[in-house]
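> Questions regarding the structure given below will be posed in turn.
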Amino acid sequence: SYLHLCLPPQPSEKCGVLNVTKITENGKKVRKNWTSSWTVLQGSSLLFKFGSNQSKPEFTVDLRGGSVEWASKDKSSKKHVIELKTRQGTELLIQSEIDSVVNDWYRALTETINTHAWE
Ligand code: I3S
């Protein structure tokens, strides 16, 4: 379990399970691959862990200079989809079937990006 990643002494702003896919990497379109991920918001970083054990891959995006918006219908047929763009040219879609979960993440990500806007 990754639960320890969300408890002191490593306090995180937020964590939980989300469906995630990259759609662009370094400015180039990539094929979607929706994956369930344990997602942790820590400072200005958003970390994804895949699978049920810690040896599985993870990746981190830097939220500084990024942007968050609600994905338009042409980006996905799914409901409750957030589009996250990083300054490095990676675009992710983040989704959950539970709208309150996605709304909370939208708020947290927007706040984080605004808080770190001048770094
Ligand atoms: O934007 P797309 O290409 O319609 O995305 C869908 C596809 O990636 C599809 O997989 P393949 O076409 O690679 O078999 C996925 O299964 C779908 O989930 C993708 O669309 P949604 O609308 O679910 O994001």
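Following the order of the structure tokens, chains are lettered A, B, ..., residues in each are numbered from 1, and ligands are numbered from 1.
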Set the distance at 9 Å and use only C-alpha atoms: which residues neighbour A:Gln42 once local chain neighbours fewer than 5 positions away are removed? I'd like the list as JSON, numbers by chain.
{"A": [10, 11, 12, 13, 14, 15, 47]}
> Please produce a file of those selected residues containing C-alpha atoms, as a PDB file, in the first residue's frame.

ATOM      1  CA  GLN A  10       5.876  13.114   4.722  1.00  0.00           C
ATOM      2  CA  PRO A  11       2.771  15.269   4.599  1.00  0.00           C
ATOM      3  CA  SER A  12       1.104  15.556   1.222  1.00  0.00           C
ATOM      4  CA  GLU A  13      -1.506  17.986   0.150  1.00  0.00           C
ATOM      5  CA  LYS A  14      -3.573  15.267  -1.422  1.00  0.00           C
ATOM      6  CA  CYS A  15      -3.570  11.692  -2.607  1.00  0.00           C
ATOM      7  CA  LEU A  47       3.484  11.762  -8.545  1.00  0.00           C
TER       8      LEU A  47
END
> Report as a ChimeraX atom specification which protein, DNA and RNA residues come within 8 Å of ligand 1, using only C-alpha atoms and all ligand atoms.
/A:31-34,74-78
> Looking at only C-alpha atoms, which of A:Leu46, A:Val68, A:Ile94, A:Val81 is the one that sits closest to A:Arg107?
A:Val68
> Looking at A:Trp118, A:Val30, A:Ser72, A:Trp38, which one is nearest to A:Pro57, with distances taken over only C-alpha atoms?
A:Trp38
> Residues within 8 Å of A:Ser36, please, as a ChimeraX atom specification. Count only C-alpha atoms; anything in the same chain fewer than 3 positions from it doesn't count.
/A:17-20,50-51
> Filtering to N, CA and C atoms, could you give me those residues as an mmCIF file, in the first residue's frame?

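Below is the file that was written, again-v8.cif:
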data_model
loop_
_atom_site.group_PDB
_atom_site.id
_atom_site.type_symbol
_atom_site.label_atom_id
_atom_site.label_comp_id
_atom_site.auth_asym_id
_atom_site.auth_seq_id
_atom_site.Cartn_x
_atom_site.Cartn_y
_atom_site.Cartn_z
ATOM 1 N N VAL A 17 -6.734 7.584 -5.710
ATOM 2 C CA VAL A 17 -6.684 6.805 -6.945
ATOM 3 C C VAL A 17 -7.380 7.574 -8.068
ATOM 4 N N LEU A 18 -6.699 7.691 -9.188
ATOM 5 C CA LEU A 18 -7.263 8.355 -10.367
ATOM 6 C C LEU A 18 -6.946 7.533 -11.607
ATOM 7 N N ASN A 19 -7.726 7.719 -12.650
ATOM 8 C CA ASN A 19 -7.383 7.172 -13.962
ATOM 9 C C ASN A 19 -6.593 8.226 -14.723
ATOM 10 N N VAL A 20 -5.481 7.794 -15.301
ATOM 11 C CA VAL A 20 -4.557 8.746 -15.920
ATOM 12 C C VAL A 20 -4.090 8.230 -17.274
ATOM 13 N N PHE A 50 1.909 3.223 -10.370
ATOM 14 C CA PHE A 50 1.049 2.272 -11.062
ATOM 15 C C PHE A 50 1.204 0.890 -10.450
ATOM 16 N N GLY A 51 0.134 0.142 -10.435
ATOM 17 C CA GLY A 51 0.203 -1.218 -9.930
ATOM 18 C C GLY A 51 0.130 -1.245 -8.416
#
> Among the residues of stretch 13-103 of chain A, find those DSSP assigns to helix (DSSP H, G or I) from the backbone and print them as a list of chain:residue names.
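After running DSSP on the backbone, stretch 13-103 of chain A has helix (DSSP H, G or I) at A:Asp99, A:Ser100, A:Val101, A:Val102, A:Asn103.
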> Env of A:Glu119: 12 Å cut, atoms = only C-alpha atoms, seq-sep filter 4 positions within chain, self excluded. Answer as an mmCIF file with N, CA and C atoms, in the first residue's frame.

data_model
loop_
_atom_site.group_PDB
_atom_site.id
_atom_site.type_symbol
_atom_site.label_atom_id
_atom_site.label_comp_id
_atom_site.auth_asym_id
_atom_site.auth_seq_id
_atom_site.Cartn_x
_atom_site.Cartn_y
_atom_site.Cartn_z
ATOM 1 N N SER A 44 4.900 21.141 -5.279
ATOM 2 C CA SER A 44 4.535 21.471 -6.659
ATOM 3 C C SER A 44 4.688 20.264 -7.579
ATOM 4 N N ASP A 62 6.150 18.125 -12.861
ATOM 5 C CA ASP A 62 6.360 19.398 -12.193
ATOM 6 C C ASP A 62 5.196 20.315 -12.581
ATOM 7 N N LEU A 63 4.457 20.743 -11.598
ATOM 8 C CA LEU A 63 3.269 21.556 -11.891
ATOM 9 C C LEU A 63 3.598 23.030 -12.121
ATOM 10 N N ARG A 64 4.827 23.433 -11.765
ATOM 11 C CA ARG A 64 5.180 24.849 -11.897
ATOM 12 C C ARG A 64 5.150 25.281 -13.360
ATOM 13 N N GLY A 65 4.377 26.306 -13.626
ATOM 14 C CA GLY A 65 4.262 26.794 -15.000
ATOM 15 C C GLY A 65 3.288 25.999 -15.848
ATOM 16 N N GLY A 66 2.613 25.055 -15.245
ATOM 17 C CA GLY A 66 1.644 24.236 -15.974
ATOM 18 C C GLY A 66 0.258 24.862 -15.971
ATOM 19 N N THR A 112 -2.415 24.745 -6.508
ATOM 20 C CA THR A 112 -0.971 24.489 -6.516
ATOM 21 C C THR A 112 -0.284 25.282 -7.622
ATOM 22 N N ILE A 113 -0.863 25.244 -8.803
ATOM 23 C CA ILE A 113 -0.271 25.973 -9.939
ATOM 24 C C ILE A 113 -0.254 27.474 -9.641
ATOM 25 N N ASN A 114 -1.335 27.978 -9.075
ATOM 26 C CA ASN A 114 -1.383 29.411 -8.740
ATOM 27 C C ASN A 114 -0.371 29.765 -7.659
ATOM 28 N N THR A 115 -0.252 28.909 -6.656
ATOM 29 C CA THR A 115 0.665 29.161 -5.536
ATOM 30 C C THR A 115 2.109 29.223 -6.007
#
> What does the distance between atom CA of A:Ile98 and atom CA of A:Thr86 come to in Å, to one decimal place?
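Interatomic distance here is 24.4 Å.
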> DSSP says strand (DSSP E) for which residues of chain A? Put them as a ChimeraX atom specification?
/A:14-25,28-29,35-42,45-50,58-62,67-70,81-85,91-95
> Okay, now the selection with C-alpha atoms, as a short mmCIF file (atom, residue, chain, number, x, y, z; two decimals), in the first residue's frame?

data_model
loop_
_atom_site.label_atom_id
_atom_site.label_comp_id
_atom_site.auth_asym_id
_atom_site.auth_seq_id
_atom_site.Cartn_x
_atom_site.Cartn_y
_atom_site.Cartn_z
CA LYS A 14 -3.57 15.27 -1.42
CA CYS A 15 -3.57 11.69 -2.61
CA GLY A 16 -5.89 9.10 -4.06
CA VAL A 17 -6.68 6.81 -6.95
CA LEU A 18 -7.26 8.36 -10.37
CA ASN A 19 -7.38 7.17 -13.96
CA VAL A 20 -4.56 8.75 -15.92
CA THR A 21 -3.25 8.80 -19.45
CA LYS A 22 -0.61 10.80 -21.24
CA ILE A 23 -1.75 12.33 -24.52
CA THR A 24 1.37 14.33 -25.34
CA GLU A 25 4.99 13.83 -24.36
CA LYS A 28 4.48 15.02 -29.40
CA LYS A 29 1.14 13.23 -29.44
CA THR A 35 -4.22 3.41 -16.24
CA SER A 36 -5.39 3.48 -12.66
CA SER A 37 -2.80 5.25 -10.57
CA TRP A 38 -2.16 6.09 -6.96
CA THR A 39 -1.69 9.84 -7.26
CA VAL A 40 0.10 12.05 -4.76
CA LEU A 41 0.26 15.83 -4.77
CA GLN A 42 3.37 16.93 -2.88
CA SER A 45 4.96 17.85 -7.80
CA LEU A 46 2.35 15.36 -8.86
CA LEU A 47 3.48 11.76 -8.55
CA PHE A 48 1.87 8.71 -10.11
CA LYS A 49 2.40 5.13 -9.00
CA PHE A 50 1.05 2.27 -11.06
CA GLU A 58 6.13 5.80 -11.29
CA PHE A 59 6.43 9.18 -12.81
CA THR A 60 6.36 12.71 -11.54
CA VAL A 61 5.30 15.91 -13.20
CA ASP A 62 6.36 19.40 -12.19
CA SER A 67 -2.06 24.62 -16.55
CA VAL A 68 -5.23 22.78 -15.68
CA GLU A 69 -8.57 22.90 -17.40
CA TRP A 70 -11.61 20.74 -17.96
CA VAL A 81 -11.80 14.64 -17.20
CA ILE A 82 -9.10 17.15 -16.28
CA GLU A 83 -6.47 18.14 -18.83
CA LEU A 84 -3.10 18.94 -17.27
CA LYS A 85 -0.39 20.58 -19.35
CA GLU A 91 -0.20 16.66 -21.47
CA LEU A 92 -2.11 14.31 -19.24
CA LEU A 93 -5.75 13.48 -18.81
CA ILE A 94 -6.88 12.73 -15.27
CA GLN A 95 -10.24 11.18 -14.56
#
